[in-house]
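Colleague: Next comes the structure file target-v1.cif, holding mmCIF, C-alpha atoms and all ligand atoms.
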```
data_protein
loop_
_atom_site.group_PDB
_atom_site.id
_atom_site.type_symbol
_atom_site.label_atom_id
_atom_site.label_comp_id
_atom_site.auth_asym_id
_atom_site.auth_seq_id
_atom_site.Cartn_x
_atom_site.Cartn_y
_atom_site.Cartn_z
ATOM 1 C CA MET A 1 67.472 -82.178 31.020
ATOM 2 C CA THR A 2 69.545 -85.350 31.218
ATOM 3 C CA TRP A 3 70.127 -87.572 34.212
ATOM 4 C CA PRO A 4 72.870 -90.128 34.880
ATOM 5 C CA LEU A 5 71.643 -93.632 34.187
ATOM 6 C CA LEU A 6 72.003 -96.644 36.440
ATOM 7 C CA VAL A 7 71.943 -100.250 35.340
ATOM 8 C CA LEU A 8 69.684 -101.775 37.994
ATOM 9 C CA ARG A 9 70.679 -105.014 39.717
ATOM 10 C CA ALA A 10 69.038 -107.541 42.008
ATOM 11 C CA ASP A 11 69.911 -105.332 45.010
ATOM 12 C CA ASP A 12 67.609 -102.644 43.573
ATOM 13 C CA ALA A 13 64.568 -104.949 43.622
ATOM 14 C CA ALA A 14 63.005 -103.523 46.801
ATOM 15 C CA ARG A 15 63.080 -99.916 45.639
ATOM 16 C CA MET A 16 61.868 -100.884 42.178
ATOM 17 C CA SER A 17 58.909 -102.647 43.766
ATOM 18 C CA ARG A 18 58.146 -99.616 45.970
ATOM 19 C CA LEU A 19 58.112 -97.356 42.910
ATOM 20 C CA HIS A 20 55.994 -99.882 40.976
ATOM 21 C CA MET A 21 53.491 -99.872 43.841
ATOM 22 C CA ARG A 22 53.052 -96.132 43.382
ATOM 23 C CA SER A 23 52.502 -96.512 39.652
ATOM 24 C CA PHE A 24 50.338 -99.603 39.043
ATOM 25 C CA ASP A 25 47.172 -101.250 40.406
ATOM 26 C CA ASP A 26 48.860 -104.663 40.109
ATOM 27 C CA PRO A 27 52.435 -103.933 41.222
ATOM 28 C CA TRP A 28 55.222 -106.489 41.145
ATOM 29 C CA SER A 29 56.818 -107.619 44.396
ATOM 30 C CA ALA A 30 60.467 -107.192 45.341
ATOM 31 C CA VAL A 31 60.809 -110.974 45.009
ATOM 32 C CA ALA A 32 59.493 -110.803 41.449
ATOM 33 C CA PHE A 33 61.889 -107.976 40.542
ATOM 34 C CA ARG A 34 64.803 -109.766 42.163
ATOM 35 C CA GLY A 35 64.078 -112.910 40.161
ATOM 36 C CA MET A 36 63.882 -110.886 36.957
ATOM 37 C CA LEU A 37 67.106 -108.987 37.582
ATOM 38 C CA LEU A 38 69.013 -112.206 38.148
ATOM 39 C CA ASP A 39 67.954 -113.284 34.658
ATOM 40 C CA THR A 40 70.603 -112.379 32.081
ATOM 41 C CA THR A 41 67.959 -111.676 29.419
ATOM 42 C CA ILE A 42 66.731 -108.698 31.469
ATOM 43 C CA LEU A 43 68.040 -105.139 31.125
ATOM 44 C CA SER A 44 66.762 -102.566 33.587
ATOM 45 C CA LEU A 45 67.825 -98.914 33.517
ATOM 46 C CA GLY A 46 67.006 -96.391 36.215
ATOM 47 C CA ILE A 47 67.348 -92.725 37.100
ATOM 48 C CA GLU A 48 67.993 -91.520 40.633
ATOM 49 C CA ILE A 49 67.083 -88.060 41.828
ATOM 50 C CA ASP A 50 68.380 -86.951 45.230
ATOM 51 C CA GLY A 51 69.453 -90.514 45.938
ATOM 52 C CA GLU A 52 65.973 -91.963 45.355
ATOM 53 C CA LEU A 53 64.958 -94.138 42.418
ATOM 54 C CA ALA A 54 62.794 -91.759 40.381
ATOM 55 C CA GLY A 55 62.120 -93.914 37.323
ATOM 56 C CA PHE A 56 63.051 -97.115 35.570
ATOM 57 C CA VAL A 57 62.439 -99.214 32.501
ATOM 58 C CA THR A 58 62.813 -102.988 32.309
ATOM 59 C CA ALA A 59 63.082 -105.004 29.115
ATOM 60 C CA GLN A 60 63.674 -108.619 28.199
ATOM 61 C CA THR A 61 65.649 -109.727 25.169
ATOM 62 C CA VAL A 62 64.757 -113.000 23.489
ATOM 63 C CA ALA A 63 65.789 -114.236 20.051
ATOM 64 C CA GLY A 64 67.065 -110.907 18.751
ATOM 65 C CA GLU A 65 64.038 -108.893 19.865
ATOM 66 C CA ALA A 66 63.312 -107.053 23.091
ATOM 67 C CA ASP A 67 60.040 -106.539 24.952
ATOM 68 C CA ILE A 68 59.539 -103.638 27.344
ATOM 69 C CA LEU A 69 58.086 -105.264 30.446
ATOM 70 C CA THR A 70 57.470 -102.154 32.507
ATOM 71 C CA VAL A 71 58.183 -98.433 32.740
ATOM 72 C CA ALA A 72 57.446 -96.249 35.739
ATOM 73 C CA THR A 73 58.238 -92.732 36.911
ATOM 74 C CA ALA A 74 57.569 -91.639 40.492
ATOM 75 C CA PRO A 75 54.449 -89.423 40.540
ATOM 76 C CA GLU A 76 56.378 -86.379 41.812
ATOM 77 C CA HIS A 77 58.833 -86.611 38.902
ATOM 78 C CA ARG A 78 56.414 -87.098 35.996
ATOM 79 C CA ARG A 79 56.450 -84.887 32.887
ATOM 80 C CA LYS A 80 60.109 -84.011 33.346
ATOM 81 C CA GLY A 81 61.270 -86.321 30.558
ATOM 82 C CA LEU A 82 62.492 -89.228 32.711
ATOM 83 C CA ALA A 83 60.615 -91.998 30.918
ATOM 84 C CA ALA A 84 61.565 -90.590 27.516
ATOM 85 C CA SER A 85 65.239 -90.522 28.585
ATOM 86 C CA LEU A 86 65.020 -94.079 29.870
ATOM 87 C CA ILE A 87 63.450 -95.354 26.665
ATOM 88 C CA ARG A 88 66.015 -93.559 24.517
ATOM 89 C CA ALA A 89 68.845 -95.042 26.571
ATOM 90 C CA LEU A 90 67.274 -98.487 26.334
ATOM 91 C CA VAL A 91 66.856 -98.163 22.565
ATOM 92 C CA SER A 92 70.484 -97.088 22.245
ATOM 93 C CA ARG A 93 71.840 -99.972 24.337
ATOM 94 C CA LEU A 94 69.657 -102.561 22.663
ATOM 95 C CA GLY A 95 70.656 -101.202 19.263
ATOM 96 C CA GLU A 96 74.316 -101.612 20.205
ATOM 97 C CA ARG A 97 73.561 -105.249 21.037
ATOM 98 C CA GLY A 98 72.118 -105.802 17.568
ATOM 99 C CA ILE A 99 68.479 -106.017 18.671
ATOM 100 C CA ALA A 100 66.265 -105.533 15.616
ATOM 101 C CA ARG A 101 62.904 -104.639 17.187
ATOM 102 C CA ILE A 102 61.397 -103.604 20.516
ATOM 103 C CA THR A 103 57.816 -104.532 21.377
ATOM 104 C CA LEU A 104 55.509 -103.535 24.229
ATOM 105 C CA GLU A 105 51.911 -103.686 25.423
ATOM 106 C CA VAL A 106 50.013 -100.734 26.803
ATOM 107 C CA ALA A 107 46.467 -100.400 28.112
ATOM 108 C CA GLU A 108 44.165 -98.670 25.653
ATOM 109 C CA ASP A 109 43.053 -96.224 28.358
ATOM 110 C CA ASN A 110 46.638 -95.265 29.341
ATOM 111 C CA ALA A 111 46.755 -92.122 27.230
ATOM 112 C CA GLY A 112 49.938 -90.816 28.863
ATOM 113 C CA ALA A 113 51.965 -93.961 28.184
ATOM 114 C CA ARG A 114 50.573 -94.248 24.637
ATOM 115 C CA ALA A 115 51.621 -90.651 23.945
ATOM 116 C CA LEU A 116 55.074 -91.386 25.371
ATOM 117 C CA TYR A 117 55.586 -94.460 23.192
ATOM 118 C CA ALA A 118 54.273 -92.738 20.062
ATOM 119 C CA ALA A 119 56.637 -89.829 20.715
ATOM 120 C CA GLU A 120 59.508 -92.332 20.976
ATOM 121 C CA GLY A 121 58.750 -93.841 17.581
ATOM 122 C CA PHE A 122 56.601 -96.856 18.510
ATOM 123 C CA THR A 123 53.720 -97.681 16.193
ATOM 124 C CA VAL A 124 50.604 -99.791 16.722
ATOM 125 C CA ASP A 125 50.669 -103.420 15.538
ATOM 126 C CA GLY A 126 47.364 -104.646 16.944
ATOM 127 C CA HIS A 127 45.104 -105.190 19.944
ATOM 128 C CA ARG A 128 44.726 -107.901 22.564
ATOM 129 C CA PRO A 129 41.071 -107.694 23.633
ATOM 130 C CA ARG A 130 40.091 -107.356 27.315
ATOM 131 C CA TYR A 131 43.657 -107.965 28.455
ATOM 132 C CA TYR A 132 43.889 -105.671 31.501
ATOM 133 C CA THR A 133 41.561 -106.289 34.422
ATOM 134 C CA ALA A 134 43.420 -105.162 37.589
ATOM 135 C CA GLY A 135 41.850 -102.109 39.249
ATOM 136 C CA ARG A 136 39.156 -101.868 36.581
ATOM 137 C CA ASP A 137 35.414 -102.594 36.541
ATOM 138 C CA VAL A 138 35.541 -103.305 32.810
ATOM 139 C CA PRO A 139 38.488 -105.103 31.137
ATOM 140 C CA VAL A 140 40.527 -102.935 28.781
ATOM 141 C CA ASP A 141 42.297 -103.934 25.559
ATOM 142 C CA ALA A 142 46.073 -104.053 25.306
ATOM 143 C CA ILE A 143 47.532 -102.118 22.385
ATOM 144 C CA LEU A 144 50.547 -103.909 20.895
ATOM 145 C CA MET A 145 53.244 -101.510 19.734
ATOM 146 C CA SER A 146 56.746 -101.885 18.335
ATOM 147 C CA ARG A 147 59.712 -99.956 17.030
ATOM 148 C CA LYS A 148 62.345 -101.227 14.632
ATOM 149 C CA LEU A 149 65.972 -100.469 15.477
ATOM 150 C CA GLY A 150 68.843 -99.819 13.164
ATOM 151 C CA VAL A 151 66.710 -98.398 10.364
HETATM 152 C C1 LIG B 1 53.684 -93.258 31.637
HETATM 153 C C2 LIG B 1 54.845 -92.740 32.496
HETATM 154 C C3 LIG B 1 55.913 -93.820 32.604
HETATM 155 C C4 LIG B 1 55.429 -91.484 31.817
HETATM 156 O O1 LIG B 1 56.581 -91.088 32.569
HETATM 157 P P1 LIG B 1 57.140 -89.594 32.542
HETATM 158 O O2 LIG B 1 58.520 -89.653 33.085
HETATM 159 O O3 LIG B 1 56.189 -88.680 33.187
HETATM 160 O O4 LIG B 1 57.163 -89.309 30.974
HETATM 161 P P2 LIG B 1 57.987 -88.145 30.248
HETATM 162 O O5 LIG B 1 58.039 -86.943 31.129
HETATM 163 O O6 LIG B 1 59.282 -88.699 29.781
HETATM 164 O O7 LIG B 1 57.039 -87.847 29.020
HETATM 165 C C5 LIG B 1 57.547 -87.769 27.685
HETATM 166 C C6 LIG B 1 56.371 -87.489 26.758
HETATM 167 O O8 LIG B 1 55.413 -88.555 26.839
HETATM 168 C C7 LIG B 1 54.073 -87.994 26.760
HETATM 169 N N1 LIG B 1 53.399 -88.135 28.061
HETATM 170 C C8 LIG B 1 53.917 -88.652 29.190
HETATM 171 N N2 LIG B 1 52.969 -88.655 30.184
HETATM 172 C C9 LIG B 1 51.861 -88.126 29.626
HETATM 173 C C10 LIG B 1 50.559 -87.860 30.134
HETATM 174 N N3 LIG B 1 50.202 -88.164 31.404
HETATM 175 N N4 LIG B 1 49.639 -87.327 29.301
HETATM 176 C C11 LIG B 1 49.956 -87.024 28.017
HETATM 177 N N5 LIG B 1 51.194 -87.236 27.464
HETATM 178 C C12 LIG B 1 52.124 -87.781 28.268
HETATM 179 C C13 LIG B 1 54.273 -86.537 26.431
HETATM 180 O O9 LIG B 1 54.379 -86.440 25.021
HETATM 181 C C14 LIG B 1 55.593 -86.246 27.114
HETATM 182 O O10 LIG B 1 56.257 -85.132 26.585
HETATM 183 P P3 LIG B 1 55.872 -83.653 27.159
HETATM 184 O O11 LIG B 1 55.888 -83.730 28.659
HETATM 185 O O12 LIG B 1 56.958 -82.785 26.592
HETATM 186 O O13 LIG B 1 54.503 -83.337 26.640
HETATM 187 C C15 LIG B 1 54.358 -92.310 33.919
HETATM 188 O O14 LIG B 1 53.223 -91.497 33.786
HETATM 189 C C16 LIG B 1 54.003 -93.471 34.819
HETATM 190 O O15 LIG B 1 54.862 -94.004 35.539
HETATM 191 N N6 LIG B 1 52.725 -93.904 34.791
HETATM 192 C C17 LIG B 1 52.268 -95.017 35.591
HETATM 193 C C18 LIG B 1 52.855 -96.318 35.098
HETATM 194 C C19 LIG B 1 52.552 -96.558 33.629
HETATM 195 O O16 LIG B 1 51.449 -96.308 33.152
HETATM 196 N N7 LIG B 1 53.560 -97.080 32.915
HETATM 197 C C20 LIG B 1 53.442 -97.428 31.516
HETATM 198 C C21 LIG B 1 52.775 -98.749 31.412
HETATM 199 S S1 LIG B 1 52.685 -99.325 29.738
#
```
Output the file's structure in the form of structure tokens.
Ligand SMILES: CC(C)(COP(=O)(O)OP(=O)(O)OC[C@H]1O[C@@H](n2cnc3c(N)ncnc32)[C@H](O)[C@@H]1OP(=O)(O)O)[C@@H](O)C(=O)NCCC(=O)NCCS
Modeller:
Amino acid sequence: MTWPLLVLRADDAARMSRLHMRSFDDPWSAVAFRGMLLDTTILSLGIEIDGELAGFVTAQTVAGEADILTVATAPEHRRKGLAASLIRALVSRLGERGIARITLEVAEDNAGARALYAAEGFTVDGHRPRYYTAGRDVPVDAILMSRKLGV
């Protein structure tokens, strides 16, 4: 299934934060999202279902490369292909802008997200030890992944 994509703007910050709150132990505030979306290096794409924000991806482009900052799908809409669609759309738009590589970090214990990124062509570059602490008794490594574009 495919969904129409929205380019998210500063006015979407509150609903992005609400969705983030339902997806992460250390969610970002509406103020934080608003600040990000006012930054021209940020690209954020979303999908609405029944008028509600059901998923989004946010990336930052610096010096010809992009970094995925966050991806979230509302719990009731998971495993329908939203995040995969968002990442594909992001890859396509960044490719059109001449971006050569997309990087990201994912918690080692986030098997779902790791499977998503691997399915979308991201490969492992390395680890950042004990990087994630929020909501955890024991810190967890970040896995650094990337995907080259235009090859
Ligand atoms: C990770 C997350 C964004 C995935 O969103 P989603 O819209 O459910 O993902 P999709 O439906 O597009 O999944 C595409 C593929 O990714 C993989 N995948 C996604 N979630 C998975 C899970 N929980 N377990 C195993 N594989 C998973 C599968 O290969 C899936 O394809 P399939 O459903 O045909 O098997 C969502 O679970 C989420 O918001 N989690 C909380 C926030 C988070 O962890 N974000 C990523 C931080 S790095």
Colleague: Within 6 Å of ligand LIG 1 (chain B), counting only C-alpha atoms and all ligand atoms: which residues, as a PDB file with C-alpha atoms, in the frame of the given file?
Modeller:
```
ATOM      1  CA  SER A  23      52.502 -96.512  39.652  1.00  0.00           C
ATOM      2  CA  PHE A  24      50.338 -99.603  39.043  1.00  0.00           C
ATOM      3  CA  THR A  70      57.470-102.154  32.507  1.00  0.00           C
ATOM      4  CA  VAL A  71      58.183 -98.433  32.740  1.00  0.00           C
ATOM      5  CA  ALA A  72      57.446 -96.249  35.739  1.00  0.00           C
ATOM      6  CA  THR A  73      58.238 -92.732  36.911  1.00  0.00           C
ATOM      7  CA  ARG A  78      56.414 -87.098  35.996  1.00  0.00           C
ATOM      8  CA  ARG A  79      56.450 -84.887  32.887  1.00  0.00           C
ATOM      9  CA  LYS A  80      60.109 -84.011  33.346  1.00  0.00           C
ATOM     10  CA  GLY A  81      61.270 -86.321  30.558  1.00  0.00           C
ATOM     11  CA  LEU A  82      62.492 -89.228  32.711  1.00  0.00           C
ATOM     12  CA  ALA A  83      60.615 -91.998  30.918  1.00  0.00           C
ATOM     13  CA  ALA A  84      61.565 -90.590  27.516  1.00  0.00           C
ATOM     14  CA  VAL A 106      50.013-100.734  26.803  1.00  0.00           C
ATOM     15  CA  ALA A 111      46.755 -92.122  27.230  1.00  0.00           C
ATOM     16  CA  GLY A 112      49.938 -90.816  28.863  1.00  0.00           C
ATOM     17  CA  ALA A 113      51.965 -93.961  28.184  1.00  0.00           C
ATOM     18  CA  ALA A 115      51.621 -90.651  23.945  1.00  0.00           C
ATOM     19  CA  LEU A 116      55.074 -91.386  25.371  1.00  0.00           C
ATOM     20  CA  ALA A 119      56.637 -89.829  20.715  1.00  0.00           C
TER      21      ALA A 119
END
```
Colleague: Using the chain letters and residue numbers of this document, give as JSON, numbers by chain the residues selected by the PyMOL selection byres (((chain A and resi 86-100) around 12) and not hetatm).
Modeller: {"A": [2, 3, 4, 5, 6, 7, 41, 42, 43, 44, 45, 46, 47, 48, 54, 55, 56, 57, 58, 59, 60, 61, 62, 63, 64, 65, 66, 67, 68, 69, 70, 71, 72, 73, 80, 81, 82, 83, 84, 85, 101, 102, 103, 104, 113, 116, 117, 118, 119, 120, 121, 122, 146, 147, 148, 149, 150, 151]}
Colleague: Export C-alpha atoms of the chosen residues as a CSV table (one decimal), in the frame of the given file?
Modeller:
```csv
chain,number,residue,atom,x,y,z
A,2,THR,CA,69.5,-85.4,31.2
A,3,TRP,CA,70.1,-87.6,34.2
A,4,PRO,CA,72.9,-90.1,34.9
A,5,LEU,CA,71.6,-93.6,34.2
A,6,LEU,CA,72.0,-96.6,36.4
A,7,VAL,CA,71.9,-100.2,35.3
A,41,THR,CA,68.0,-111.7,29.4
A,42,ILE,CA,66.7,-108.7,31.5
A,43,LEU,CA,68.0,-105.1,31.1
A,44,SER,CA,66.8,-102.6,33.6
A,45,LEU,CA,67.8,-98.9,33.5
A,46,GLY,CA,67.0,-96.4,36.2
A,47,ILE,CA,67.3,-92.7,37.1
A,48,GLU,CA,68.0,-91.5,40.6
A,54,ALA,CA,62.8,-91.8,40.4
A,55,GLY,CA,62.1,-93.9,37.3
A,56,PHE,CA,63.1,-97.1,35.6
A,57,VAL,CA,62.4,-99.2,32.5
A,58,THR,CA,62.8,-103.0,32.3
A,59,ALA,CA,63.1,-105.0,29.1
A,60,GLN,CA,63.7,-108.6,28.2
A,61,THR,CA,65.6,-109.7,25.2
A,62,VAL,CA,64.8,-113.0,23.5
A,63,ALA,CA,65.8,-114.2,20.1
A,64,GLY,CA,67.1,-110.9,18.8
A,65,GLU,CA,64.0,-108.9,19.9
A,66,ALA,CA,63.3,-107.1,23.1
A,67,ASP,CA,60.0,-106.5,25.0
A,68,ILE,CA,59.5,-103.6,27.3
A,69,LEU,CA,58.1,-105.3,30.4
A,70,THR,CA,57.5,-102.2,32.5
A,71,VAL,CA,58.2,-98.4,32.7
A,72,ALA,CA,57.4,-96.2,35.7
A,73,THR,CA,58.2,-92.7,36.9
A,80,LYS,CA,60.1,-84.0,33.3
A,81,GLY,CA,61.3,-86.3,30.6
A,82,LEU,CA,62.5,-89.2,32.7
A,83,ALA,CA,60.6,-92.0,30.9
A,84,ALA,CA,61.6,-90.6,27.5
A,85,SER,CA,65.2,-90.5,28.6
A,101,ARG,CA,62.9,-104.6,17.2
A,102,ILE,CA,61.4,-103.6,20.5
A,103,THR,CA,57.8,-104.5,21.4
A,104,LEU,CA,55.5,-103.5,24.2
A,113,ALA,CA,52.0,-94.0,28.2
A,116,LEU,CA,55.1,-91.4,25.4
A,117,TYR,CA,55.6,-94.5,23.2
A,118,ALA,CA,54.3,-92.7,20.1
A,119,ALA,CA,56.6,-89.8,20.7
A,120,GLU,CA,59.5,-92.3,21.0
A,121,GLY,CA,58.8,-93.8,17.6
A,122,PHE,CA,56.6,-96.9,18.5
A,146,SER,CA,56.7,-101.9,18.3
A,147,ARG,CA,59.7,-100.0,17.0
A,148,LYS,CA,62.3,-101.2,14.6
A,149,LEU,CA,66.0,-100.5,15.5
A,150,GLY,CA,68.8,-99.8,13.2
A,151,VAL,CA,66.7,-98.4,10.4
```
Colleague: Tell me, in Å to one decimal, how far CA of Asp125 (chain A) is from CA of Val138 (chain A).
Modeller: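 Distance reported for this atom pair: 23.0 Å.
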Colleague: May I ask which of the residues A:Tyr132, A:Asp50, A:Glu105, A:Pro75 is the closest one to Arg22 (chain A), counting all atoms listed in the file?
Modeller: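 Result for the nearest residue to Arg22 (chain A): A:Pro75.
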Colleague: Please enumerate the residues selected by the PyMOL selection byres (((chain A and resi 141) around 8) and not hetatm) when evaluated against the supplied file, formatted as an mmCIF file with C-alpha atoms, in the frame of the given file.
Modeller:
```cif
data_model
loop_
_atom_site.group_PDB
_atom_site.id
_atom_site.type_symbol
_atom_site.label_atom_id
_atom_site.label_comp_id
_atom_site.auth_asym_id
_atom_site.auth_seq_id
_atom_site.Cartn_x
_atom_site.Cartn_y
_atom_site.Cartn_z
ATOM 1 C CA ALA A 107 46.467 -100.400 28.112
ATOM 2 C CA GLU A 108 44.165 -98.670 25.653
ATOM 3 C CA HIS A 127 45.104 -105.190 19.944
ATOM 4 C CA ARG A 128 44.726 -107.901 22.564
ATOM 5 C CA PRO A 129 41.071 -107.694 23.633
ATOM 6 C CA ARG A 130 40.091 -107.356 27.315
ATOM 7 C CA TYR A 131 43.657 -107.965 28.455
ATOM 8 C CA TYR A 132 43.889 -105.671 31.501
ATOM 9 C CA PRO A 139 38.488 -105.103 31.137
ATOM 10 C CA VAL A 140 40.527 -102.935 28.781
ATOM 11 C CA ALA A 142 46.073 -104.053 25.306
ATOM 12 C CA ILE A 143 47.532 -102.118 22.385
#
```
Colleague: With distances taken over only C-alpha atoms, which of A:Met145, A:Ile49, A:Ala74, A:Leu38 is nearest to Asp11 (chain A)?
Modeller: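 Ranked by minimum distance to Asp11 (chain A), first place goes to A:Leu38.
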Colleague: Between CA of Ala134 (chain A) and CA of Asp12 (chain A), what is the distance in Å, rounded to a tenth?
Modeller: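 Distance reported for this atom pair: 25.0 Å.
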